[in-house]
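**Student:** Contents of data.cif (mmCIF, C-alpha atoms) are below:
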```cif
data_work
#
loop_
_atom_site.group_PDB
_atom_site.id
_atom_site.type_symbol
_atom_site.label_atom_id
_atom_site.label_comp_id
_atom_site.auth_asym_id
_atom_site.auth_seq_id
_atom_site.Cartn_x
_atom_site.Cartn_y
_atom_site.Cartn_z
ATOM 1 C CA ARG A 101 0.000 0.000 0.000
ATOM 2 C CA HIS A 102 1.058 3.536 -0.679
ATOM 3 C CA LYS A 103 1.696 5.393 2.543
ATOM 4 C CA GLU A 104 0.389 8.953 2.644
ATOM 5 C CA GLY A 105 3.130 11.528 2.830
ATOM 6 C CA THR A 106 5.873 9.207 1.556
ATOM 7 C CA GLN A 107 5.517 10.393 -2.017
ATOM 8 C CA ASP A 108 3.879 13.547 -3.277
ATOM 9 C CA GLU A 109 3.197 12.529 -6.857
ATOM 10 C CA VAL A 110 3.358 9.698 -9.337
ATOM 11 C CA GLN A 111 6.947 9.148 -10.479
ATOM 12 C CA LEU A 112 7.623 8.961 -14.208
ATOM 13 C CA LEU A 113 10.354 6.381 -14.870
ATOM 14 C CA THR A 114 11.862 5.787 -18.310
ATOM 15 C CA MET A 115 13.190 2.443 -17.045
ATOM 16 C CA LYS A 116 11.680 -0.676 -18.626
ATOM 17 C CA GLU A 117 13.696 -3.384 -16.874
ATOM 18 C CA PHE A 118 14.375 -3.853 -13.170
ATOM 19 C CA GLY A 119 16.626 -6.054 -11.068
ATOM 20 C CA PRO A 120 15.367 -9.182 -9.327
ATOM 21 C CA GLU A 121 15.061 -7.336 -5.987
ATOM 22 C CA VAL A 122 12.472 -4.928 -7.453
ATOM 23 C CA ARG A 123 8.789 -5.923 -7.393
ATOM 24 C CA VAL A 124 6.474 -4.446 -10.024
ATOM 25 C CA ARG A 125 2.670 -4.595 -9.906
ATOM 26 C CA ILE A 126 1.228 -3.597 -13.282
ATOM 27 C CA GLY A 127 -1.856 -1.380 -13.379
ATOM 28 C CA GLY A 128 -2.259 -0.817 -17.109
ATOM 29 C CA LEU A 129 -1.305 1.280 -20.104
ATOM 30 C CA VAL A 130 -1.692 5.034 -19.611
ATOM 31 C CA THR A 131 -1.427 7.631 -22.328
ATOM 32 C CA ALA A 132 -2.243 11.264 -22.959
ATOM 33 C CA LYS A 133 -2.319 13.123 -26.262
ATOM 34 C CA SER A 134 -2.893 16.688 -27.296
ATOM 35 C CA VAL A 135 -3.181 18.512 -30.616
ATOM 36 C CA LYS A 136 -1.771 22.031 -30.641
ATOM 37 C CA TYR A 137 -1.823 24.774 -33.236
ATOM 38 C CA LEU A 138 1.659 26.234 -33.582
ATOM 39 C CA GLY A 139 0.716 29.296 -35.622
ATOM 40 C CA LYS A 140 3.330 31.966 -35.132
ATOM 41 C CA LEU A 141 5.123 30.419 -32.159
ATOM 42 C CA ALA A 142 8.818 31.143 -32.471
ATOM 43 C CA SER A 143 11.890 30.509 -30.382
ATOM 44 C CA LYS A 144 11.204 33.375 -27.978
ATOM 45 C CA LEU A 145 11.349 32.573 -24.271
ATOM 46 C CA SER A 146 7.602 33.119 -23.816
ATOM 47 C CA ASP A 147 6.878 30.677 -26.655
ATOM 48 C CA GLN A 148 9.222 28.101 -25.109
ATOM 49 C CA GLU A 149 7.360 28.488 -21.812
ATOM 50 C CA THR A 150 4.087 27.895 -23.675
ATOM 51 C CA ARG A 151 5.400 24.633 -25.147
ATOM 52 C CA ASP A 152 6.814 23.578 -21.758
ATOM 53 C CA GLY A 153 3.348 24.168 -20.329
ATOM 54 C CA TRP A 154 1.844 21.821 -22.916
ATOM 55 C CA TRP A 155 4.198 19.026 -21.841
ATOM 56 C CA SER A 156 3.548 19.745 -18.178
ATOM 57 C CA GLU A 157 -0.206 19.387 -18.753
ATOM 58 C CA LEU A 158 0.312 15.989 -20.412
ATOM 59 C CA ARG A 159 2.564 14.793 -17.585
ATOM 60 C CA ASP A 160 -0.090 15.826 -15.063
ATOM 61 C CA GLU A 161 -2.743 13.992 -17.075
ATOM 62 C CA ILE A 162 -0.770 10.746 -17.285
ATOM 63 C CA ARG A 163 -0.075 10.945 -13.533
ATOM 64 C CA SER A 164 -3.814 11.343 -12.964
ATOM 65 C CA HIS A 165 -4.506 8.237 -15.077
ATOM 66 C CA ALA A 166 -1.960 6.263 -13.023
ATOM 67 C CA ARG A 167 -3.548 7.411 -9.742
ATOM 68 C CA THR A 168 -6.946 6.290 -11.066
ATOM 69 C CA LEU A 169 -5.414 2.811 -11.382
ATOM 70 C CA CYS A 170 -4.050 3.089 -7.789
ATOM 71 C CA CYS A 171 -0.463 3.204 -9.067
ATOM 72 C CA TRP A 172 2.370 5.458 -7.938
ATOM 73 C CA HIS A 173 4.761 4.964 -10.857
ATOM 74 C CA VAL A 174 4.654 5.077 -14.647
ATOM 75 C CA ILE A 175 7.342 2.778 -16.043
ATOM 76 C CA GLY A 176 8.626 2.821 -19.608
ATOM 77 C CA TYR A 177 7.548 6.467 -19.770
ATOM 78 C CA SER A 178 8.133 8.232 -23.085
ATOM 79 C CA GLU A 179 7.203 11.446 -24.835
ATOM 80 C CA ALA A 180 6.742 11.977 -28.570
ATOM 81 C CA SER A 181 5.746 14.756 -30.923
ATOM 82 C CA THR A 182 4.771 14.956 -34.562
ATOM 83 C CA ILE A 183 4.559 18.196 -36.504
ATOM 84 C CA HIS A 184 2.714 18.674 -39.780
ATOM 85 C CA ASP A 185 2.542 22.232 -41.101
ATOM 86 C CA ASP A 186 1.238 24.333 -38.191
ATOM 87 C CA VAL A 187 -0.210 21.421 -36.197
ATOM 88 C CA CYS A 188 1.673 19.523 -33.508
ATOM 89 C CA VAL A 189 0.505 16.286 -31.877
ATOM 90 C CA ILE A 190 2.242 15.645 -28.568
ATOM 91 C CA SER A 191 1.825 12.454 -26.579
ATOM 92 C CA THR A 192 3.030 10.696 -23.464
ATOM 93 C CA THR A 193 2.715 7.017 -22.733
ATOM 94 C CA GLY A 194 3.816 4.433 -20.215
ATOM 95 C CA THR A 195 2.646 1.620 -17.964
ATOM 96 C CA ALA A 196 1.028 2.513 -14.672
ATOM 97 C CA ALA A 197 2.540 0.372 -11.927
ATOM 98 C CA THR A 198 3.495 0.215 -8.294
ATOM 99 C CA VAL A 199 7.199 -0.465 -7.901
ATOM 100 C CA ARG A 200 8.755 -1.676 -4.659
ATOM 101 C CA GLY A 201 12.435 -2.109 -3.923
ATOM 102 C CA LEU A 202 13.780 0.839 -5.897
ATOM 103 C CA PRO A 203 16.615 2.741 -4.240
ATOM 104 C CA ASP A 204 15.628 6.152 -2.892
ATOM 105 C CA LEU A 205 17.098 8.204 -5.721
ATOM 106 C CA THR A 206 15.798 11.460 -4.281
ATOM 107 C CA GLN A 207 17.966 10.940 -1.178
ATOM 108 C CA ALA A 208 21.037 10.179 -3.302
ATOM 109 C CA HIS A 209 20.347 13.277 -5.411
ATOM 110 C CA ARG A 210 20.056 15.458 -2.281
ATOM 111 C CA VAL A 211 23.373 14.113 -0.960
ATOM 112 C CA TRP A 212 25.029 14.784 -4.331
ATOM 113 C CA LEU A 213 23.719 18.370 -4.401
ATOM 114 C CA GLN A 214 24.947 18.961 -0.851
ATOM 115 C CA TRP A 215 28.382 17.624 -1.842
ATOM 116 C CA GLU A 216 28.549 19.962 -4.862
ATOM 117 C CA ILE A 217 27.592 22.945 -2.695
ATOM 118 C CA TYR A 218 30.241 21.965 -0.143
ATOM 119 C CA GLN A 219 32.871 21.683 -2.892
ATOM 120 C CA ARG A 220 31.987 25.113 -4.316
ATOM 121 C CA GLU A 221 32.015 26.778 -0.887
ATOM 122 C CA THR A 222 35.347 25.171 -0.025
ATOM 123 C CA ALA A 223 36.867 26.360 -3.307
ATOM 124 C CA GLN A 224 35.538 29.882 -2.730
ATOM 125 C CA ASN A 225 36.904 29.940 0.826
ATOM 126 C CA ILE A 226 40.334 28.831 -0.375
ATOM 127 C CA ASN A 227 40.399 31.379 -3.204
ATOM 128 C CA ASN A 228 39.229 34.206 -0.924
ATOM 129 C CA SER A 229 41.473 33.302 1.992
ATOM 130 C CA PRO A 230 43.870 36.158 2.968
ATOM 131 C CA SER A 231 46.546 33.646 3.985
ATOM 132 C CA ARG A 232 46.551 32.153 0.494
ATOM 133 C CA HIS A 233 46.910 35.565 -1.137
ATOM 134 C CA ALA A 234 49.665 36.533 1.295
ATOM 135 C CA SER A 235 51.589 33.339 0.592
ATOM 136 C CA LEU A 236 51.459 34.004 -3.144
ATOM 137 C CA THR A 237 52.918 37.501 -2.908
ATOM 138 C CA GLY A 238 56.587 38.353 -2.738
ATOM 139 C CA ASN A 239 59.474 36.164 -3.768
ATOM 140 C CA PHE A 240 59.122 32.461 -3.530
ATOM 141 C CA THR A 241 60.933 29.538 -4.988
ATOM 142 C CA PRO A 242 59.531 26.243 -6.170
ATOM 143 C CA ASN A 243 58.493 23.976 -3.287
ATOM 144 C CA SER A 244 58.411 26.951 -0.890
ATOM 145 C CA TYR A 245 54.633 27.374 -1.250
ATOM 146 C CA ILE A 246 52.693 25.497 1.418
ATOM 147 C CA ASP A 247 48.942 25.209 0.890
ATOM 148 C CA THR A 248 47.107 26.033 4.121
#
```
What does this structure look like when you write it as structure tokens?
**Tutor:**
Amino acid sequence: RHKEGTQDEVQLLTMKEFGPEVRVRIGGLVTAKSVKYLGKLASKLSDQETRDGWWSELRDEIRSHARTLCCWHVIGYSEASTIHDDVCVISTTGTAATVRGLPDLTQAHRVWLQWEIYQRETAQNINNSPSRHASLTGNFTPNSYIDT
């Protein structure tokens, strides 16, 4: 059973195969399609945001279909688009499922982001350190520089 509060939304997974430790309960095929008129949409930022909104709507719709099937994952998720003249057909598809035994990738991602922030802050502190700047001024010979 899905525990309330453990997951905010249906996860879209492009994965199609899982290891033997992962248990998958299939709910069914879910898909969402939309036909959009492109007209005079260009590559301006506002037009890009419009197209991003179209994809976001389809992702929300496919998540809703998965929830209707009491599933918290969509596996084998894919997106496709076809353009003919000024008409674009966009679609998303996947298999609604409940997957157990997946590693908590959100936790690993958070740890990675914290590590990157730590690395950047450490590099900034070293580069802005007065002792480092003082040790680089004046005359020095090779091997006389000691990193503090």
**Student:** Quick one, how far is CA of Val174 in chain A from CA of Val124 in chain A?
**Tutor:** 10.7 Å
**Student:** Suppose a student applies the PyMOL selection byres ((chain A and resi 175) around 6) to this structure; what residues should they get, written as a list in words?
**Tutor:**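 Applied to this file, the PyMOL selection byres ((chain A and resi 175) around 6) returns Leu113, Thr114, Met115, Val174, Gly176, Tyr177, Gly194 and Thr195 of chain A.
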**Student:** In the coordinates of the file, take the point (-0.9, 15.6, -29.4) and a cut-off of 6 Å; then, counting only C-alpha atoms, name each qualifying protein, DNA or RNA residue as a list in words.
**Tutor:**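 Returned residue set, sorted by chain then number, is Lys133, Ser134, Val135, Val189, Ile190 and Ser191 of chain A.
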**Student:** Which of these, A:Ser146, A:Gln111, A:Thr198, A:Gln214, has the shortest distance to Arg163 in chain A once you count only C-alpha atoms?
**Tutor:** A:Gln111
**Student:** Calculate how many Å separate CA of Val122 in chain A from CA of Glu109 in chain A, rounding to one decimal.
**Tutor:** 19.8 Å
**Student:** Kindly compute an axis-aligned box around the listed atoms of range 112-129 of chain A, allowing 5 Å on each side, and express its centre and edge lengths in Å to one decimal as AutoDock Vina command-line options.
**Tutor:**
```
--center_x 7.2 --center_y -0.1 --center_z -13.0 --size_x 28.9 --size_y 28.1 --size_z 24.1
```
**Student:** Taking the file as shown, what set of residues would the PyMOL selection byres ((chain A and resi 121) around 9) give back, as a list in words?
**Tutor:**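 In the shown coordinates, the PyMOL selection byres ((chain A and resi 121) around 9) covers Phe118, Gly119, Pro120, Val122, Arg123, Arg200, Gly201 and Leu202 of chain A.
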